[in-house]
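For reference, the structure discussed in these notes is given below.
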Amino acid sequence: MSASQSSDDPTLLVKIFGKDRPGITAGLFDTLAAYGVDVVDIEQVVTRGRMVLCALVTQPSAGLEGDLRATVHSWAESMKMQAEIISGHGDNRPRGLGRSVVTVLGHPLTAKATARITARITRAGGNIDRIFRLAKYPVTAVEFAVSGVETESLRTALVPHAAALGVDIAVVAAGLHRRAQRLVVMDVDSTLIQDEVIELFAAHAGCEAEVAEVTAAAMRGELDFEQSLHARVALLKGLDVSVVDKVRSEVRLTPGARTLIRTLKRLGYQVGVVSGGFTQVTDDLKERLGLDFAHANTLEIADGKLTGRVVGEVVDRAGKARLLRRFAAEAGVPLAQTVAIGDGANDLDMLNAAGLGVAFNAKPVVREAAHTAVNVPFLDTVLYLLGVTREEVEAADAHEER
């Protein structure tokens, strides 16, 4: 609304709906231009080829409103569209304080889940201002712009109920920061990659089952991570260093990992990994994927053999959070602008320290403590939590291929 226009000034809401085709928007405003009206607001949406176009305009000069209405209806009929014109006053009512973005991922997204989510938003005191679909595959991702309730209160009202509704829900504060430069830091084992690296080494040492049992207990938070790491690494004593190359070749990236990293880098984000695994693998991943940061434990090697020990300070739960802060400082990114992704109990401090902590196909203790959870096997779905659409990802990929 222009500064000279009062909230009590008369306005007309012109709504056009019907089959979408090129030229509808231009045709409507060309028709309205003849009456010298000013545009106060515009909104247009197209769903399955059907358009709804809304234009809020100032009232025309005295005596011309009836002619404007007749002309718009006549134009709409000529375009095989329908028109509705509603008189009123002023602009949209101001949005309430406390503005958030609620992102819902469903595979599928059911009407029942959507009904319950929107009802919970209302009960929390929120108003849904806009709804926008971010992606239709590999999951349905929908974004709700909500005002009238503080972000933390809205998160508390929605996120704990996501699993019962069969969806993933993220609630973040709205604002320019969603498109500002950010730092994304990921765990490696069972997050960036599908494997547990120490188990790949253990398979070559013939102790895979024993190591896997200790790993699972540590990830559930039942064992101290550092103690469990030393115990597992000791079982690798005597392995030939040639096993390192074999393990690197066996590592399987999580579906969507390359797309996630490639898209983040195009957006100008910095990307890093922290791992309770080993630099013998993470350094290779850093080079292959073009990561900005990588830190992990280092297996000690002597005389061409693994000694069964690690070198230096162990990267444990607290260490991952310290590394997130260090990476953020080096990247020049405020901690509030960081995103951490992980699946195990030793990721919890990092997830809680980040501006947005994402539990990725995580253990129950991690899902309950993180800001949000993603429970589909596609790592690139994290992009939707940052407001990136599937169309933007595909357009960027197509541009690179040319």
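Within each chain, counting starts at residue 1; across the structure tokens, chains are named A, B, ... in the order shown, with ligands numbered 1 upward in that order.
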
Residues at most 10 Å from A:Asp283, counting only C-alpha atoms, excluding those fewer than 5 positions away in the same chain, as a list in words? Val273, Phe278, Arg288, Leu291, Phe293, Ala294, His295 and Ala296 of chain A

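The set of residues in stretch 118-190 of chain A assigned to alpha helix (DSSP H) by DSSP, using only backbone atoms of this structure, is A:Thr118, A:Ala119, A:Arg120, A:Ile121, A:Thr122, A:Arg123, A:Thr151, A:Glu152, A:Ser153, A:Leu154, A:Arg155, A:Thr156, A:Ala157, A:Leu158, A:Ala162, A:Ala163, A:Ala164, A:Leu165.
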
Writing out the chosen residues with C-alpha atoms as a compact mmCIF listing (two decimals), in the first residue's frame:
```
# COMPACT_ATOMS: atom_id res chain seq x y z
CA THR A 118 -2.90 -27.05 10.28
CA ALA A 119 -5.21 -27.56 13.27
CA ARG A 120 -2.21 -27.60 15.61
CA ILE A 121 -0.92 -24.37 14.04
CA THR A 122 -4.29 -22.75 14.78
CA ARG A 123 -4.41 -24.07 18.35
CA THR A 151 8.90 -19.92 16.51
CA GLU A 152 9.91 -21.95 19.57
CA SER A 153 6.29 -22.29 20.72
CA LEU A 154 5.22 -23.37 17.25
CA ARG A 155 8.06 -25.90 17.06
CA THR A 156 7.00 -27.37 20.40
CA ALA A 157 3.41 -27.65 19.17
CA LEU A 158 4.32 -29.44 15.94
CA ALA A 162 5.55 -35.51 13.44
CA ALA A 163 6.33 -39.23 13.77
CA ALA A 164 2.77 -40.06 14.82
CA LEU A 165 1.49 -38.20 11.76
```

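If you measure from each of A:Cys54, A:Leu351, A:Met79, A:Ala145 to A:Asp20 using only C-alpha atoms, the closest one turns out to be A:Met79.
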
In Å, how far is it from atom CA of A:Arg232 to atom CA of A:Asn297? 13.0 Å

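With only C-alpha atoms taken into account, the protein and nucleic acid residues at most 12 Å from A:Arg248 (excluding it and anything under 2 positions from it in its own chain) are Ile193, Asp195, Glu196, Val197, Ile198, Leu200, Phe201, Val241, Ser242, Val243, Val244, Asp245, Lys246, Glu250, Val251, Arg252, Leu253, Phe278, Thr279, Gln280, Val281, Thr282, Asp283, Asp284, Leu285 and Arg288 of chain A.
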
A:Glu313 environment, 10 Å, only C-alpha atoms, sequence neighbours closer than 3 positions dropped, as a ChimeraX atom specification: /A:226,296-298,310,316,319

Selection from above, C-alpha atoms, as an mmCIF file, in the first residue's frame, can you write it?
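Now in selection01.cif:
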```cif
data_model
loop_
_atom_site.group_PDB
_atom_site.id
_atom_site.type_symbol
_atom_site.label_atom_id
_atom_site.label_comp_id
_atom_site.auth_asym_id
_atom_site.auth_seq_id
_atom_site.Cartn_x
_atom_site.Cartn_y
_atom_site.Cartn_z
ATOM 1 C CA GLU A 226 35.798 -42.776 23.283
ATOM 2 C CA ALA A 296 37.972 -37.110 11.999
ATOM 3 C CA ASN A 297 40.096 -39.515 14.031
ATOM 4 C CA THR A 298 43.278 -40.866 12.500
ATOM 5 C CA VAL A 310 44.227 -43.755 16.997
ATOM 6 C CA ASP A 316 33.663 -37.573 20.270
ATOM 7 C CA GLY A 319 34.427 -32.705 19.982
#
```

Need to verify the contact set: A:Gly290, 9 Å, only C-alpha atoms, exclusion of same-chain residues closer than 5 positions in sequence. Can you return it as a VMD selection string? chain A and resid 261 to 262 265 271 285

Find the spatial neighbours of A:Thr25, counting only C-alpha atoms, within a cut-off of 9 Å - ignore same-chain residues fewer than 3 positions away - and output them as a ChimeraX atom specification. /A:22,28-30,44,53

Keeping only C-alpha atoms, write the selected residues to a file as a PDB file, in the first residue's frame.
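As written to disk, selection-v9.pdb reads:
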```pdb
ATOM      1  CA  PRO A  22      -0.033 -17.330 -21.441  1.00  0.00           C
ATOM      2  CA  LEU A  28      -6.106  -8.451 -16.723  1.00  0.00           C
ATOM      3  CA  PHE A  29      -3.799  -5.562 -15.869  1.00  0.00           C
ATOM      4  CA  ASP A  30      -4.134  -4.108 -19.356  1.00  0.00           C
ATOM      5  CA  GLN A  44      -1.191 -15.906  -8.363  1.00  0.00           C
ATOM      6  CA  LEU A  53      -5.066 -14.713  -9.900  1.00  0.00           C
TER       7      LEU A  53
END
```

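Minimum atom-to-atom distances from A:Gly238, A:Gly175, A:Gly106, A:Pro334 to A:Glu300 were compared using only C-alpha atoms, and the lowest value belongs to A:Gly238.
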